[in-house]
Structure formats: C-alpha cells, structure tokens
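Taking it in order: structure first as structure tokens, then the write-up.
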Amino acid sequence: MPSMPSWNIHIAQTERLLERGGAVARTVRDANAFLFGSLVPDIMVGYMVPGITDPIPYRQTHFAAPAFIPKPREREFWDTYVAPQFAQLTDADFGCAHVLPTSIEQEREAMDRIHFPQRFEGEAAADSAFASASDAAHEPSDQRTLFDFLLGTWAHLLADNLWNTRVNQFLDEHGGKPSEQFRIKKQGDFDGFGKMLPISSIPRETPALVHAAQAFPQYAIARPHVHDAIVVTHEIVRTNGAPDHAPYQLLTDDFFEITFAEVLDTTEHALEERLQLPL
C-alpha cells in the first residue's frame, strides 16, 4: 500500500479549511461534495473501501510516479480537471445555496429524539442543518457540485504532495532512507496522529453527490462505491478522538503540528492565486 495520510487527517483538514473563513470557505458552495472529494483519490485504489473488484493503480488515481513516498502532481490534476470545470461555471453558480455534510453529532441527536423523546419535550424541532443559507438561493447546479467535488480531490492531492515532501525532507535531515520498513513505521505514525484529531463531518449520499461521482472526469465512481466509502468514513469519524498516541516510531509531534498547519495555509494560498477571485 502506498504511503499516504489517513482519511481522518484529510477529514480534519477539510473541516479546518471550511471553518477558518479563508479562500476555501469563501469559494466552496457544496461542502458535502468538497468533503467527499477530499477522499476520492483513495477510493478506487481498493485499500480503504471494500468491494473494489477492479482497483485503479495509485499512480493513476494520485497522478504520482511509483515510489515509497510518492508526490502527487497536484498541479497537473488542477490544470486537467479543476481549471476547465471552473471555466464552465456561470454567475448563478456563485450565488447558489450552501450544501453541508452531516455530522456524527447530528446523527446522535436524531437517534436520541427517536429513543428519548421526553428529553426534547417543549423544544421546537431543530432546524434542518441542510437548509439553504437564504430562502431565495437556488440549489447548486450539477456543474457547481462537480466543481466543488473536483476541488476537494485536488485538495487531497495537494495535501499528499506536501505531507510526503516533508517526510522526504525529514528523512534527509535524519539520515533515513525510503524503504518498505520505513513506510510501515511512517504509516503507523500517521495513524496515531490522525486518531487524535477531533472530527465530526460525514458526507451525505445525496443524488447530487452520486451524480458528481459518476461524472468525475478522471474515472467514474459507481454509486455502490460512493455508498461504501461513506460507510467507511462514518466508522472512521465515529471511532476517532483518541486522547493520546503510541510513541512515534519515526516522526515527531512538531513534524505533525507544523506540516498540518502548512497544508492548510498552502491550500488557501494556492486557491486564491489560481482562481484569481475577488474573495
């Protein structure tokens, strides 16, 4: 299995980008598609999602040459798919309603309202978390949802590129050498770090999301694979939030803290520079 950040890290990065109010938060309209897109490069590889009978090689899904620590060519993905899709958007696509994913907290509250209705007596029913930001706003078009889907996929590739670049630099600074043993230890460190991150967002299997996955221009993602990927995401989010991690075998706390922040900043700056939007 190629070396890569864990899905809990990608989910956490997506949540932080949408929460911080920067270029990503001001650009994305369909956050549900953006969140799912941030997991897309790993789906058809076959390691994360069960039932992938015809896996697509990592080098194709990630635009990366085979290596122990590959560096996805995120700019190539941007130029091939993101930029052309952006060019198809109309003015109406920038004024559409916001679409949100669900969360583990919303799911738990929904269960509580069913099983413990007495706790909510006298309360008005909670407003839908998926309501439009404005009653006058229209739902995102298929083109808009696909753009946010592609933007999430690009953010995944950019993150993988930066994480793996910094891992290679760490190796050089500490006299290490890429190897299968190193890859296994490194992946264990990433798993430990990722499990400590507070995350709550889960993609919703909406018709718009399924349609975007099937229209993904690099390769179509069938509805059953969308469903199974969301099931895997649900379990990752449900079980995340460890209070601590086992001792890192290769990397350090500082490495993870600094690189995580760098990924967020780099994503924001790249988006602003490339879209040239009046944000």
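Numbering starts fresh at 1 for the residues of each chain in the structure tokens, the chains themselves are lettered A, B, ... in the order given, and ligands are numbered from 1 as they appear.
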
Enumerate, in order of chain and increasing residue number, the residues of range 131-222 of chain A with an atom no farther than 6 Å from range 98-117 of chain A, each with its shortest atom pair and distance in Å to one decimal, counting only C-alpha atoms, as a tab-separated table.
residue	atom	partner	partner_atom	distance
A:Ser132	CA	A:His98	CA	5.9
A:Ser200	CA	A:Ser103	CA	5.1
A:Ser201	CA	A:Ser103	CA	4.4
A:Ile202	CA	A:Thr102	CA	5.3
A:Pro203	CA	A:Pro101	CA	4.9
A:Arg204	CA	A:Pro101	CA	5.6

Just the alpha helix (DSSP H) stuff from range 43-220 of chain A, please, per backbone DSSP, written as a PDB file with C-alpha atoms, in the first residue's frame.
ATOM      1  CA  ILE A  43     -11.473   5.140  -3.033  1.00  0.00           C
ATOM      2  CA  TYR A  58      -2.317   4.530  -7.109  1.00  0.00           C
ATOM      3  CA  ARG A  59      -0.064   6.119  -9.712  1.00  0.00           C
ATOM      4  CA  GLN A  60      -3.176   6.909 -11.763  1.00  0.00           C
ATOM      5  CA  THR A  61      -5.551   7.994  -9.005  1.00  0.00           C
ATOM      6  CA  GLU A  74      -1.489  18.201  -7.937  1.00  0.00           C
ATOM      7  CA  ARG A  75      -0.871  20.953 -10.476  1.00  0.00           C
ATOM      8  CA  GLU A  76      -1.422  18.519 -13.329  1.00  0.00           C
ATOM      9  CA  PHE A  77      -4.766  17.499 -11.820  1.00  0.00           C
ATOM     10  CA  ALA A  83      -9.460  24.770 -14.176  1.00  0.00           C
ATOM     11  CA  PRO A  84     -11.656  23.592 -17.113  1.00  0.00           C
ATOM     12  CA  GLN A  85     -14.576  22.929 -14.753  1.00  0.00           C
ATOM     13  CA  PHE A  86     -14.187  26.354 -13.169  1.00  0.00           C
ATOM     14  CA  ALA A  87     -14.353  27.912 -16.616  1.00  0.00           C
ATOM     15  CA  ILE A 104     -21.838  12.424  13.966  1.00  0.00           C
ATOM     16  CA  GLU A 105     -23.433  14.819  16.493  1.00  0.00           C
ATOM     17  CA  GLN A 106     -26.490  15.391  14.293  1.00  0.00           C
ATOM     18  CA  GLU A 107     -26.863  11.670  13.832  1.00  0.00           C
ATOM     19  CA  ARG A 108     -26.724  11.040  17.575  1.00  0.00           C
ATOM     20  CA  GLU A 109     -29.291  13.753  18.267  1.00  0.00           C
ATOM     21  CA  ALA A 110     -31.622  12.286  15.654  1.00  0.00           C
ATOM     22  CA  MET A 111     -31.352   8.898  17.398  1.00  0.00           C
ATOM     23  CA  ASP A 112     -31.953  10.489  20.794  1.00  0.00           C
ATOM     24  CA  ARG A 113     -35.108  12.217  19.535  1.00  0.00           C
ATOM     25  CA  ILE A 114     -36.455   8.831  18.465  1.00  0.00           C
ATOM     26  CA  HIS A 115     -35.465   6.831  21.546  1.00  0.00           C
ATOM     27  CA  ASP A 142     -24.598  19.832 -11.396  1.00  0.00           C
ATOM     28  CA  GLN A 143     -21.675  21.855 -12.736  1.00  0.00           C
ATOM     29  CA  ARG A 144     -21.225  23.632  -9.407  1.00  0.00           C
ATOM     30  CA  THR A 145     -21.362  20.429  -7.357  1.00  0.00           C
ATOM     31  CA  LEU A 146     -18.854  18.773  -9.679  1.00  0.00           C
ATOM     32  CA  PHE A 147     -16.507  21.743  -9.332  1.00  0.00           C
ATOM     33  CA  ASP A 148     -16.545  21.506  -5.520  1.00  0.00           C
ATOM     34  CA  PHE A 149     -16.098  17.739  -5.829  1.00  0.00           C
ATOM     35  CA  LEU A 150     -13.011  18.290  -8.007  1.00  0.00           C
ATOM     36  CA  LEU A 151     -11.744  20.991  -5.676  1.00  0.00           C
ATOM     37  CA  GLY A 152     -11.852  18.527  -2.779  1.00  0.00           C
ATOM     38  CA  THR A 153      -9.994  15.932  -4.839  1.00  0.00           C
ATOM     39  CA  TRP A 154      -7.329  18.490  -5.703  1.00  0.00           C
ATOM     40  CA  ALA A 155      -7.003  19.451  -2.007  1.00  0.00           C
ATOM     41  CA  HIS A 156      -6.348  15.769  -1.213  1.00  0.00           C
ATOM     42  CA  LEU A 157      -3.581  15.556  -3.817  1.00  0.00           C
ATOM     43  CA  LEU A 158      -2.020  18.816  -2.662  1.00  0.00           C
ATOM     44  CA  ALA A 159      -2.055  17.579   0.932  1.00  0.00           C
ATOM     45  CA  ASP A 160      -0.479  14.237  -0.018  1.00  0.00           C
ATOM     46  CA  ASN A 161       2.193  16.037  -2.018  1.00  0.00           C
ATOM     47  CA  LEU A 162       3.120  18.327   0.848  1.00  0.00           C
ATOM     48  CA  TRP A 163       2.978  15.683   3.574  1.00  0.00           C
ATOM     49  CA  ASN A 164       5.177  13.327   1.564  1.00  0.00           C
ATOM     50  CA  THR A 165       7.576  16.105   0.568  1.00  0.00           C
ATOM     51  CA  ARG A 166       8.085  16.942   4.227  1.00  0.00           C
ATOM     52  CA  VAL A 167       8.535  13.266   5.094  1.00  0.00           C
ATOM     53  CA  ASN A 168      11.282  13.002   2.477  1.00  0.00           C
ATOM     54  CA  GLN A 169      12.961  16.104   3.896  1.00  0.00           C
ATOM     55  CA  PHE A 170      12.707  14.634   7.396  1.00  0.00           C
ATOM     56  CA  LEU A 171      14.423  11.520   6.109  1.00  0.00           C
ATOM     57  CA  ASP A 172      17.230  13.529   4.547  1.00  0.00           C
ATOM     58  CA  GLU A 173      17.757  15.548   7.718  1.00  0.00           C
ATOM     59  CA  GLU A 180       9.215  -0.726   2.970  1.00  0.00           C
ATOM     60  CA  GLN A 181      10.071  -0.855   6.679  1.00  0.00           C
ATOM     61  CA  PHE A 182      10.182   2.909   6.821  1.00  0.00           C
ATOM     62  CA  ARG A 183       6.849   3.153   5.004  1.00  0.00           C
ATOM     63  CA  ILE A 184       5.162   0.866   7.538  1.00  0.00           C
ATOM     64  CA  LYS A 185       6.518   2.815  10.503  1.00  0.00           C
ATOM     65  CA  LYS A 186       5.624   6.114   8.904  1.00  0.00           C
ATOM     66  CA  GLN A 187       2.064   4.956   8.227  1.00  0.00           C
ATOM     67  CA  GLY A 188       1.760   3.893  11.865  1.00  0.00           C
ATOM     68  CA  ASP A 189       2.812   7.368  12.974  1.00  0.00           C
ATOM     69  CA  PHE A 190       0.243   8.952  10.664  1.00  0.00           C
ATOM     70  CA  ASP A 191      -2.463   6.646  12.013  1.00  0.00           C
ATOM     71  CA  GLY A 192      -1.572   7.614  15.585  1.00  0.00           C
ATOM     72  CA  PHE A 193      -1.661  11.318  14.805  1.00  0.00           C
ATOM     73  CA  GLY A 194      -4.878  11.079  12.810  1.00  0.00           C
ATOM     74  CA  LYS A 195      -6.792   9.238  15.532  1.00  0.00           C
ATOM     75  CA  MET A 196      -6.242  12.137  17.962  1.00  0.00           C
ATOM     76  CA  PRO A 207     -28.427  12.371  -5.627  1.00  0.00           C
ATOM     77  CA  ALA A 208     -26.216  15.362  -6.441  1.00  0.00           C
ATOM     78  CA  LEU A 209     -23.179  13.706  -4.853  1.00  0.00           C
ATOM     79  CA  VAL A 210     -23.809  10.391  -6.606  1.00  0.00           C
ATOM     80  CA  HIS A 211     -24.208  12.192  -9.918  1.00  0.00           C
ATOM     81  CA  ALA A 212     -20.940  14.095  -9.407  1.00  0.00           C
ATOM     82  CA  ALA A 213     -19.118  10.845  -8.594  1.00  0.00           C
ATOM     83  CA  GLN A 214     -20.425   9.230 -11.757  1.00  0.00           C
ATOM     84  CA  ALA A 215     -19.467  12.349 -13.750  1.00  0.00           C
TER      85      ALA A 215
END

**OP:** Among the residues of range 30-240 of chain A, find those DSSP assigns to strand (DSSP E) from the backbone and print them as a ChimeraX atom specification.
**Re:** /A:102-103,201-202

Requested write-out: N, CA and C atoms of the selected residues, as a short mmCIF file (atom, residue, chain, number, x, y, z; two decimals), in the first residue's frame:
data_model
loop_
_atom_site.label_atom_id
_atom_site.label_comp_id
_atom_site.auth_asym_id
_atom_site.auth_seq_id
_atom_site.Cartn_x
_atom_site.Cartn_y
_atom_site.Cartn_z
N THR A 102 -23.42 15.97 6.79
CA THR A 102 -23.98 15.75 8.11
C THR A 102 -22.83 15.59 9.10
N SER A 103 -23.16 15.29 10.34
CA SER A 103 -22.12 15.11 11.36
C SER A 103 -22.53 14.00 12.30
N SER A 201 -17.48 15.43 10.61
CA SER A 201 -18.22 15.52 9.34
C SER A 201 -18.28 14.20 8.60
N ILE A 202 -19.46 13.90 8.05
CA ILE A 202 -19.68 12.69 7.26
C ILE A 202 -20.43 13.09 6.00
#

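For the pair CA of Val24 in chain A and CA of Val45 in chain A, the interatomic distance is 26.5 Å.
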
Subject >> Shell around Gln218 in chain A at 8 Å using only C-alpha atoms, local window under 2 positions removed, as a ChimeraX atom specification >> reply: /A:81,216,220
